[in-house]
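Raw contents of my_file.cif, mmCIF, C-alpha atoms:
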```cif
data_data
loop_
_atom_site.group_PDB
_atom_site.id
_atom_site.type_symbol
_atom_site.label_atom_id
_atom_site.label_comp_id
_atom_site.auth_asym_id
_atom_site.auth_seq_id
_atom_site.Cartn_x
_atom_site.Cartn_y
_atom_site.Cartn_z
ATOM 1 C CA MET A 1 -47.117 -84.105 -34.614
ATOM 2 C CA ALA A 2 -43.728 -84.035 -32.973
ATOM 3 C CA GLY A 3 -42.260 -80.794 -31.756
ATOM 4 C CA ALA A 4 -45.038 -79.478 -29.527
ATOM 5 C CA PRO A 5 -46.161 -80.870 -26.160
ATOM 6 C CA MET A 6 -49.626 -82.380 -26.389
ATOM 7 C CA VAL A 7 -52.531 -83.023 -24.078
ATOM 8 C CA SER A 8 -54.940 -85.956 -24.468
ATOM 9 C CA LEU A 9 -58.706 -85.800 -24.011
ATOM 10 C CA PRO A 10 -58.658 -87.567 -20.601
ATOM 11 C CA GLU A 11 -55.919 -85.213 -19.388
ATOM 12 C CA LEU A 12 -57.775 -82.186 -20.751
ATOM 13 C CA ARG A 13 -60.957 -83.264 -18.941
ATOM 14 C CA SER A 14 -59.002 -83.542 -15.698
ATOM 15 C CA LEU A 15 -57.273 -80.175 -16.151
ATOM 16 C CA LEU A 16 -60.559 -78.434 -16.960
ATOM 17 C CA SER A 17 -62.479 -79.994 -14.080
ATOM 18 C CA SER A 18 -59.775 -78.903 -11.637
ATOM 19 C CA GLY A 19 -59.493 -75.418 -13.172
ATOM 20 C CA ARG A 20 -55.824 -75.957 -14.073
ATOM 21 C CA ALA A 21 -56.013 -75.286 -17.832
ATOM 22 C CA ARG A 22 -56.324 -72.145 -19.884
ATOM 23 C CA LEU A 23 -58.010 -73.113 -23.153
ATOM 24 C CA ILE A 24 -57.552 -71.108 -26.358
ATOM 25 C CA ASP A 25 -59.577 -71.852 -29.487
ATOM 26 C CA VAL A 26 -57.485 -70.710 -32.455
ATOM 27 C CA ARG A 27 -60.175 -71.329 -35.071
ATOM 28 C CA SER A 28 -61.887 -68.479 -36.902
ATOM 29 C CA ARG A 29 -64.544 -66.447 -35.105
ATOM 30 C CA GLU A 30 -67.189 -68.069 -37.331
ATOM 31 C CA GLU A 31 -66.033 -71.576 -36.422
ATOM 32 C CA ALA A 32 -65.940 -70.762 -32.705
ATOM 33 C CA ALA A 33 -69.373 -69.101 -32.839
ATOM 34 C CA ALA A 34 -70.813 -72.366 -34.176
ATOM 35 C CA GLY A 35 -69.569 -74.194 -31.074
ATOM 36 C CA THR A 36 -66.489 -74.530 -28.908
ATOM 37 C CA ILE A 37 -65.208 -76.269 -25.796
ATOM 38 C CA PRO A 38 -66.800 -74.617 -22.746
ATOM 39 C CA GLY A 39 -64.545 -72.002 -21.178
ATOM 40 C CA ALA A 40 -62.340 -71.524 -24.246
ATOM 41 C CA LEU A 41 -61.155 -68.091 -25.316
ATOM 42 C CA ASN A 42 -61.265 -67.562 -29.092
ATOM 43 C CA ILE A 43 -58.140 -65.982 -30.586
ATOM 44 C CA PRO A 44 -57.890 -66.861 -34.291
ATOM 45 C CA VAL A 45 -54.443 -68.200 -35.177
ATOM 46 C CA SER A 46 -53.993 -65.256 -37.570
ATOM 47 C CA GLU A 47 -54.152 -62.890 -34.540
ATOM 48 C CA LEU A 48 -52.318 -65.015 -32.020
ATOM 49 C CA GLU A 49 -48.779 -63.685 -32.324
ATOM 50 C CA ARG A 50 -49.952 -60.075 -32.001
ATOM 51 C CA ALA A 51 -52.322 -60.986 -29.144
ATOM 52 C CA LEU A 52 -49.645 -62.751 -27.109
ATOM 53 C CA GLN A 53 -47.342 -59.736 -27.462
ATOM 54 C CA MET A 54 -49.945 -57.164 -26.376
ATOM 55 C CA GLU A 55 -49.841 -55.277 -23.135
ATOM 56 C CA PRO A 56 -52.189 -56.961 -20.623
ATOM 57 C CA THR A 57 -54.629 -54.019 -20.568
ATOM 58 C CA ALA A 58 -54.919 -53.983 -24.382
ATOM 59 C CA PHE A 59 -55.438 -57.747 -24.417
ATOM 60 C CA GLN A 60 -58.160 -57.440 -21.755
ATOM 61 C CA ALA A 61 -59.907 -54.695 -23.723
ATOM 62 C CA LEU A 62 -59.870 -56.651 -26.986
ATOM 63 C CA TYR A 63 -60.594 -60.192 -25.752
ATOM 64 C CA SER A 64 -62.473 -59.483 -22.483
ATOM 65 C CA ALA A 65 -60.145 -61.867 -20.694
ATOM 66 C CA GLU A 66 -56.906 -61.789 -18.751
ATOM 67 C CA LYS A 67 -53.828 -62.177 -20.924
ATOM 68 C CA PRO A 68 -51.990 -65.480 -20.442
ATOM 69 C CA ARG A 69 -48.742 -65.162 -18.518
ATOM 70 C CA LEU A 70 -45.448 -66.583 -19.789
ATOM 71 C CA GLU A 71 -45.255 -68.855 -16.764
ATOM 72 C CA ASP A 72 -48.819 -70.220 -17.053
ATOM 73 C CA GLU A 73 -48.881 -73.989 -16.968
ATOM 74 C CA ASN A 74 -51.264 -75.848 -19.260
ATOM 75 C CA LEU A 75 -51.965 -73.107 -21.774
ATOM 76 C CA VAL A 76 -53.853 -75.404 -24.152
ATOM 77 C CA PHE A 77 -54.456 -74.508 -27.786
ATOM 78 C CA PHE A 78 -56.898 -76.284 -30.076
ATOM 79 C CA CYS A 79 -58.513 -75.935 -33.484
ATOM 80 C CA GLN A 80 -60.876 -78.088 -35.564
ATOM 81 C CA MET A 81 -58.553 -80.928 -36.629
ATOM 82 C CA GLY A 82 -55.176 -80.258 -34.960
ATOM 83 C CA LYS A 83 -52.971 -78.389 -37.438
ATOM 84 C CA ARG A 84 -53.679 -74.799 -36.345
ATOM 85 C CA GLY A 85 -53.510 -75.819 -32.681
ATOM 86 C CA PHE A 86 -50.079 -77.315 -33.317
ATOM 87 C CA GLN A 87 -48.946 -74.130 -35.089
ATOM 88 C CA ALA A 88 -50.315 -71.997 -32.252
ATOM 89 C CA THR A 89 -48.511 -74.082 -29.631
ATOM 90 C CA GLN A 90 -45.209 -73.762 -31.478
ATOM 91 C CA LEU A 91 -45.732 -70.003 -31.871
ATOM 92 C CA ALA A 92 -46.564 -69.508 -28.182
ATOM 93 C CA ARG A 93 -43.570 -71.576 -27.067
ATOM 94 C CA GLY A 94 -41.368 -69.511 -29.388
ATOM 95 C CA LEU A 95 -42.621 -66.379 -27.602
ATOM 96 C CA GLY A 96 -41.662 -67.844 -24.212
ATOM 97 C CA TYR A 97 -44.944 -69.445 -23.105
ATOM 98 C CA THR A 98 -43.305 -72.540 -21.646
ATOM 99 C CA GLY A 99 -46.585 -74.194 -20.592
ATOM 100 C CA ALA A 100 -48.125 -74.048 -24.086
ATOM 101 C CA ARG A 101 -49.582 -77.380 -25.182
ATOM 102 C CA ASN A 102 -51.663 -78.642 -28.086
ATOM 103 C CA TYR A 103 -54.908 -80.575 -27.677
ATOM 104 C CA ALA A 104 -54.202 -82.743 -30.711
ATOM 105 C CA GLY A 105 -57.648 -84.354 -30.765
ATOM 106 C CA ALA A 106 -59.020 -80.877 -31.353
ATOM 107 C CA TYR A 107 -62.655 -79.817 -31.434
ATOM 108 C CA LYS A 108 -63.471 -82.750 -33.725
ATOM 109 C CA GLU A 109 -62.586 -85.278 -31.002
ATOM 110 C CA TRP A 110 -64.284 -83.185 -28.307
ATOM 111 C CA LEU A 111 -67.536 -83.158 -30.303
ATOM 112 C CA GLU A 112 -67.391 -86.909 -30.917
ATOM 113 C CA LYS A 113 -66.598 -87.903 -27.319
ATOM 114 C CA GLU A 114 -68.230 -85.220 -25.177
ATOM 115 C CA ARG A 115 -71.751 -85.043 -26.597
#
```

Could you spell out this file's structure in structure tokens?
Amino acid sequence: MAGAPMVSLPELRSLLSSGRARLIDVRSREEAAAGTIPGALNIPVSELERALQMEPTAFQALYSAEKPRLEDENLVFFCQMGKRGFQATQLARGLGYTGARNYAGAYKEWLEKER
């Protein structure tokens, strides 16, 4: 999937263990409720553009989390198989989130390798 910076599973593990990644699960609420990567914030891809353009206080009220900043490094998006995460990364980069990256292995790889 060319066109969006990616992060591998070993790199993601390192970023998460050092607290240097912000993880966003762009799957549906139902998918995320069934299981997600620990620490991930669920923002379905259908809501992402609106969410990333919200005022920080509105974002906090809706998602109970601090809104990502444009300058955040390692803003990592993922989905189930990789396609929605890729779309989310492209969308975020288009909105000026220069540190947006896609975890291409997605939740599928996480489940297989982290259990």

Checklist entry - Which is closest to Leu16 of chain A among A:Gly39, A:Gln90, A:Trp110, A:Ser28, if we use all atoms listed in the file? => result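 For Leu16 of chain A, the nearest of the given residues is A:Gly39.
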
Checklist entry - Using all atoms listed in the file, which residue out of A:Leu15, A:Ala33, A:Met6, A:Ile24 lies closest to Phe77 of chain A? => result A:Ile24

Item to check | Atomic distance atom CA of Ser46 of chain A - atom CA of Arg13 of chain A, expressed in Å with one decimal | outcome: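 Answer for the atom CA of Ser46 of chain A to atom CA of Arg13 of chain A separation: 26.8 Å.
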
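The coordinates place atom CA of Glu66 of chain A at 24.6 Å from atom CA of Gly82 of chain A.
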
Item to check | A:Ala58, A:Val26, A:Ala32, A:Leu70 ranked by distance to Arg84 of chain A, top pick (using all atoms listed in the file) | outcome: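 Nearest to Arg84 of chain A: A:Val26.
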
Item to check | Residue with smallest distance to Lys67 of chain A - pool A:Ala88, A:Lys83, A:Glu31, A:Leu41, counting only C-alpha atoms | outcome: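 Checking each candidate against Lys67 of chain A, we get A:Leu41 as the closest.
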
Checklist entry - the PyMOL selection byres ((chain A and resi 3) around 12) on the file shown: which residues, as a list of chain:residue names? => result A:Met1, A:Ala2, A:Ala4, A:Pro5, A:Met6, A:Phe86, A:Gln87, A:Ala88, A:Thr89, A:Gln90, A:Leu91, A:Arg93, A:Gly94, A:Ala100, A:Arg101, A:Asn102

Output C-alpha atoms for every residue in that selection, as a compact mmCIF listing (two decimals), in the coordinates of the input.
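Output saved as part-v3.txt:
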```txt
# COMPACT_ATOMS: atom_id res chain seq x y z
CA MET A 1 -47.12 -84.10 -34.61
CA ALA A 2 -43.73 -84.04 -32.97
CA ALA A 4 -45.04 -79.48 -29.53
CA PRO A 5 -46.16 -80.87 -26.16
CA MET A 6 -49.63 -82.38 -26.39
CA PHE A 86 -50.08 -77.32 -33.32
CA GLN A 87 -48.95 -74.13 -35.09
CA ALA A 88 -50.32 -72.00 -32.25
CA THR A 89 -48.51 -74.08 -29.63
CA GLN A 90 -45.21 -73.76 -31.48
CA LEU A 91 -45.73 -70.00 -31.87
CA ARG A 93 -43.57 -71.58 -27.07
CA GLY A 94 -41.37 -69.51 -29.39
CA ALA A 100 -48.12 -74.05 -24.09
CA ARG A 101 -49.58 -77.38 -25.18
CA ASN A 102 -51.66 -78.64 -28.09
```

Complete the atoms of segment 32-43 of chain A to all heavy atoms and put them out as a compact mmCIF listing (two decimals), in the frame of the given file.
```
# COMPACT_ATOMS: atom_id res chain seq x y z
N ALA A 32 -65.74 -70.76 -34.15
CA ALA A 32 -65.94 -70.76 -32.70
C ALA A 32 -67.38 -70.40 -32.34
O ALA A 32 -67.94 -70.95 -31.40
CB ALA A 32 -64.96 -69.81 -32.03
N ALA A 33 -67.99 -69.50 -33.11
CA ALA A 33 -69.37 -69.10 -32.84
C ALA A 33 -70.34 -70.27 -33.04
O ALA A 33 -71.38 -70.34 -32.41
CB ALA A 33 -69.77 -67.93 -33.73
N ALA A 34 -69.97 -71.20 -33.90
CA ALA A 34 -70.81 -72.37 -34.18
C ALA A 34 -70.70 -73.41 -33.07
O ALA A 34 -71.50 -74.35 -33.02
CB ALA A 34 -70.44 -72.98 -35.52
N GLY A 35 -69.75 -73.27 -32.18
CA GLY A 35 -69.57 -74.19 -31.07
C GLY A 35 -68.11 -74.32 -30.70
O GLY A 35 -67.25 -74.33 -31.57
N THR A 36 -67.86 -74.39 -29.39
CA THR A 36 -66.49 -74.53 -28.91
C THR A 36 -66.49 -75.30 -27.61
O THR A 36 -67.54 -75.65 -27.08
CB THR A 36 -65.81 -73.15 -28.75
OG1 THR A 36 -64.41 -73.35 -28.54
CG2 THR A 36 -66.40 -72.34 -27.61
N ILE A 37 -65.32 -75.59 -27.09
CA ILE A 37 -65.21 -76.27 -25.80
C ILE A 37 -65.53 -75.24 -24.71
O ILE A 37 -65.00 -74.12 -24.74
CB ILE A 37 -63.79 -76.84 -25.61
CG1 ILE A 37 -63.49 -77.89 -26.70
CG2 ILE A 37 -63.64 -77.46 -24.21
CD1 ILE A 37 -62.07 -78.40 -26.71
N PRO A 38 -66.42 -75.58 -23.78
CA PRO A 38 -66.80 -74.62 -22.75
C PRO A 38 -65.59 -74.02 -22.03
O PRO A 38 -64.66 -74.73 -21.65
CB PRO A 38 -67.65 -75.45 -21.79
CG PRO A 38 -68.22 -76.54 -22.66
CD PRO A 38 -67.13 -76.85 -23.64
N GLY A 39 -65.61 -72.71 -21.87
CA GLY A 39 -64.54 -72.00 -21.18
C GLY A 39 -63.40 -71.55 -22.06
O GLY A 39 -62.49 -70.87 -21.59
N ALA A 40 -63.44 -71.90 -23.34
CA ALA A 40 -62.34 -71.52 -24.25
C ALA A 40 -62.44 -70.06 -24.64
O ALA A 40 -63.52 -69.51 -24.82
CB ALA A 40 -62.36 -72.40 -25.49
N LEU A 41 -61.28 -69.45 -24.80
CA LEU A 41 -61.16 -68.09 -25.32
C LEU A 41 -60.80 -68.20 -26.79
O LEU A 41 -59.87 -68.92 -27.14
CB LEU A 41 -60.04 -67.35 -24.56
CG LEU A 41 -59.66 -65.97 -25.08
CD1 LEU A 41 -60.84 -65.00 -24.97
CD2 LEU A 41 -58.46 -65.44 -24.30
N ASN A 42 -61.53 -67.51 -27.65
CA ASN A 42 -61.26 -67.56 -29.09
C ASN A 42 -60.29 -66.46 -29.49
O ASN A 42 -60.57 -65.29 -29.35
CB ASN A 42 -62.58 -67.43 -29.87
CG ASN A 42 -62.39 -67.41 -31.38
OD1 ASN A 42 -62.92 -66.56 -32.07
ND2 ASN A 42 -61.63 -68.36 -31.91
N ILE A 43 -59.12 -66.89 -29.98
CA ILE A 43 -58.14 -65.98 -30.59
C ILE A 43 -57.72 -66.66 -31.89
O ILE A 43 -56.95 -67.62 -31.86
CB ILE A 43 -56.90 -65.75 -29.71
CG1 ILE A 43 -57.27 -65.26 -28.31
CG2 ILE A 43 -55.95 -64.75 -30.39
CD1 ILE A 43 -56.10 -65.13 -27.35
```
